[in-house]
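Taking it in order: structure first as structure tokens, then the write-up.
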Amino acid sequence: EADIYQTPRYLVIGTGKKITLECSQTMGHDKMYWYQQDPGMELHLIHYSYGVNSTEKGDLSSESTVSRIRTEHFPLTLESARPSHTSQYLCASIGRGSGNTIYFGEGSWLTVV
Amino acid sequence: KQEVTQIPAALSVPEGENLVLNCSFTDSAIYNLQWFRQDPGKGLTSLLLIQSSQREQTSGRLNASLDKSSGRSTLYIAASQPGDSATYLCAVRSGGGSQGNLIFGKGTKLSVKP
């Protein structure tokens, strides 16, 4: 059982609000990822990190930002939410000892109204 | 650019049937391929991971095969059960070896009827 947690699980917020989606893992994994998934569609990588103070943008352009100040924590922030940001956001991690298996959190469903 | 396609998009079978889910990818230079299960409103659970040098992996009633040269993988589910109902996703890691990012297919939504 993987120990990777996301909060909040479900959130409805108004346009223009600032929101931070939290992701924490207790496995000591170096690599962490944020994916965005619309219903019935494939996952798209929006951000990743290979370690503390390392962050990169993914394949899909996103208006969100991330930070990696601690190994276990990889929050994603939207400074001004818009309805187009409505989606599911999935956090994941990989560790050196995990055989390249990627572990996912349960996801954060964001609705912007 | 790597693209991953899964066929069929949806599948409905009676309980007890054996079934095959298909995954194809356009660039055969992959590092590994992974099959996941996603239940509604949940994250992804890893089922099987096949390294590029391997041909197949097995876990219980699941068997995944990999034919890198033809750009294909299959997930075989034996004696399907209603609890197998979920969306099954295929993802390949390519371009950068173990540092490469995962490219996902859209998934196959499986429904097993009791």
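By order of appearance in the structure tokens: chains A, B, ..., then residues from 1 within every chain, and ligands from 1 in the order shown.
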
Within 6 Å of chain B, which residues belong to chain A? Use only C-alpha atoms and report them as a ChimeraX atom specification. /A:41-43,104-107

Could you write out that same residue set with N, CA, C and O atoms as a PDB file, in the first residue's frame?
```pdb
ATOM      1  N   MET A  41     -10.748  11.068 -20.145  1.00  0.00           N
ATOM      2  CA  MET A  41      -9.592  11.429 -20.982  1.00  0.00           C
ATOM      3  C   MET A  41      -8.306  10.918 -20.349  1.00  0.00           C
ATOM      4  O   MET A  41      -8.290  10.432 -19.220  1.00  0.00           O
ATOM      5  N   GLU A  42      -7.215  11.020 -21.120  1.00  0.00           N
ATOM      6  CA  GLU A  42      -5.943  10.534 -20.604  1.00  0.00           C
ATOM      7  C   GLU A  42      -5.337  11.505 -19.602  1.00  0.00           C
ATOM      8  O   GLU A  42      -5.752  12.652 -19.522  1.00  0.00           O
ATOM      9  N   LEU A  43      -4.389  11.011 -18.844  1.00  0.00           N
ATOM     10  CA  LEU A  43      -3.672  11.862 -17.905  1.00  0.00           C
ATOM     11  C   LEU A  43      -2.636  12.690 -18.661  1.00  0.00           C
ATOM     12  O   LEU A  43      -1.975  12.187 -19.572  1.00  0.00           O
ATOM     13  N   PHE A 104       0.233   6.545  -7.058  1.00  0.00           N
ATOM     14  CA  PHE A 104      -0.650   7.695  -7.178  1.00  0.00           C
ATOM     15  C   PHE A 104      -1.422   7.945  -5.896  1.00  0.00           C
ATOM     16  O   PHE A 104      -1.789   7.007  -5.176  1.00  0.00           O
ATOM     17  N   GLY A 105      -1.715   9.235  -5.645  1.00  0.00           N
ATOM     18  CA  GLY A 105      -2.690   9.586  -4.630  1.00  0.00           C
ATOM     19  C   GLY A 105      -4.087   9.382  -5.180  1.00  0.00           C
ATOM     20  O   GLY A 105      -4.264   9.023  -6.352  1.00  0.00           O
ATOM     21  N   GLU A 106      -5.083   9.625  -4.356  1.00  0.00           N
ATOM     22  CA  GLU A 106      -6.464   9.383  -4.766  1.00  0.00           C
ATOM     23  C   GLU A 106      -7.059  10.520  -5.582  1.00  0.00           C
ATOM     24  O   GLU A 106      -8.164  10.413  -6.075  1.00  0.00           O
ATOM     25  N   GLY A 107      -6.318  11.607  -5.728  1.00  0.00           N
ATOM     26  CA  GLY A 107      -6.767  12.671  -6.601  1.00  0.00           C
ATOM     27  C   GLY A 107      -7.508  13.780  -5.876  1.00  0.00           C
ATOM     28  O   GLY A 107      -8.085  13.579  -4.804  1.00  0.00           O
TER      29      GLY A 107
END
```

What residues in chain A get the DSSP label strand (DSSP E or B)? Please answer as a PyMOL selection string.
chain A and resi 4-7+10-13+19-25+31-37+44-51+54-57+65-66+70+73+76-78+87-94+103-104+108-112

From atom CA of Leu110 of chain A to atom CA of Ser67 of chain A the spacing works out at 19.3 Å

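Comparing the minimum interatomic distances between Arg82 of chain A and each of A:Met27, A:Leu21, A:Val113, A:Leu11, counting only C-alpha atoms, we find that A:Val113 sits nearest.
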
(request) Taking the DSSP assignment computed from this structure's backbone, write out as a PyMOL selection string all residues of chain A that belong to helix (DSSP H, G or I). (result) chain A and resi 83-85+96-98

Written file, previous selection with all heavy atoms, as a compact mmCIF listing (two decimals), in the first residue's frame:
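The resulting result_20.txt:
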```txt
# COMPACT_ATOMS: atom_id res chain seq x y z
N PRO A 83 -12.94 28.68 -14.53
CA PRO A 83 -13.72 27.47 -14.84
C PRO A 83 -12.95 26.46 -15.69
O PRO A 83 -13.17 25.25 -15.57
CB PRO A 83 -14.94 28.04 -15.58
CG PRO A 83 -15.12 29.39 -14.97
CD PRO A 83 -13.73 29.91 -14.75
N SER A 84 -12.03 26.94 -16.54
CA SER A 84 -11.24 26.02 -17.38
C SER A 84 -10.29 25.15 -16.55
O SER A 84 -9.74 24.17 -17.06
CB SER A 84 -10.45 26.79 -18.43
OG SER A 84 -9.54 27.69 -17.80
N HIS A 85 -10.10 25.51 -15.28
CA HIS A 85 -9.24 24.71 -14.40
C HIS A 85 -9.99 23.55 -13.76
O HIS A 85 -9.39 22.73 -13.05
CB HIS A 85 -8.64 25.59 -13.29
CG HIS A 85 -7.72 26.65 -13.82
ND1 HIS A 85 -7.69 27.93 -13.28
CD2 HIS A 85 -6.82 26.64 -14.82
CE1 HIS A 85 -6.80 28.65 -13.93
NE2 HIS A 85 -6.26 27.90 -14.87
N ARG A 96 13.66 5.32 -5.60
CA ARG A 96 14.75 4.51 -6.17
C ARG A 96 14.54 3.04 -5.88
O ARG A 96 14.86 2.20 -6.69
CB ARG A 96 16.09 4.95 -5.60
CG ARG A 96 16.54 6.29 -6.06
CD ARG A 96 17.81 6.72 -5.37
NE ARG A 96 17.96 8.17 -5.47
CZ ARG A 96 18.76 8.89 -4.71
NH1 ARG A 96 19.49 8.31 -3.78
NH2 ARG A 96 18.85 10.19 -4.86
N GLY A 97 13.96 2.74 -4.72
CA GLY A 97 13.83 1.34 -4.34
C GLY A 97 12.50 0.73 -4.74
O GLY A 97 12.18 -0.37 -4.33
N SER A 98 11.70 1.44 -5.52
CA SER A 98 10.35 0.94 -5.80
C SER A 98 10.26 0.27 -7.16
O SER A 98 9.16 0.03 -7.65
CB SER A 98 9.34 2.08 -5.71
OG SER A 98 9.59 3.03 -6.73
```

query = Which polymer residues have any atom within 12 Å of an atom of segment 71-73 of chain A, counting only C-alpha atoms, with same-chain residues fewer than 6 positions away left out, as number ranges by chain?
reply = A: 3-7, 21-34, 49-55, 91-95

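Closest approach to Gly83 of chain B from the set B:Gln6, B:Leu110, B:Ser70, B:Ser59 is made by B:Leu110, with distances taken over only C-alpha atoms.
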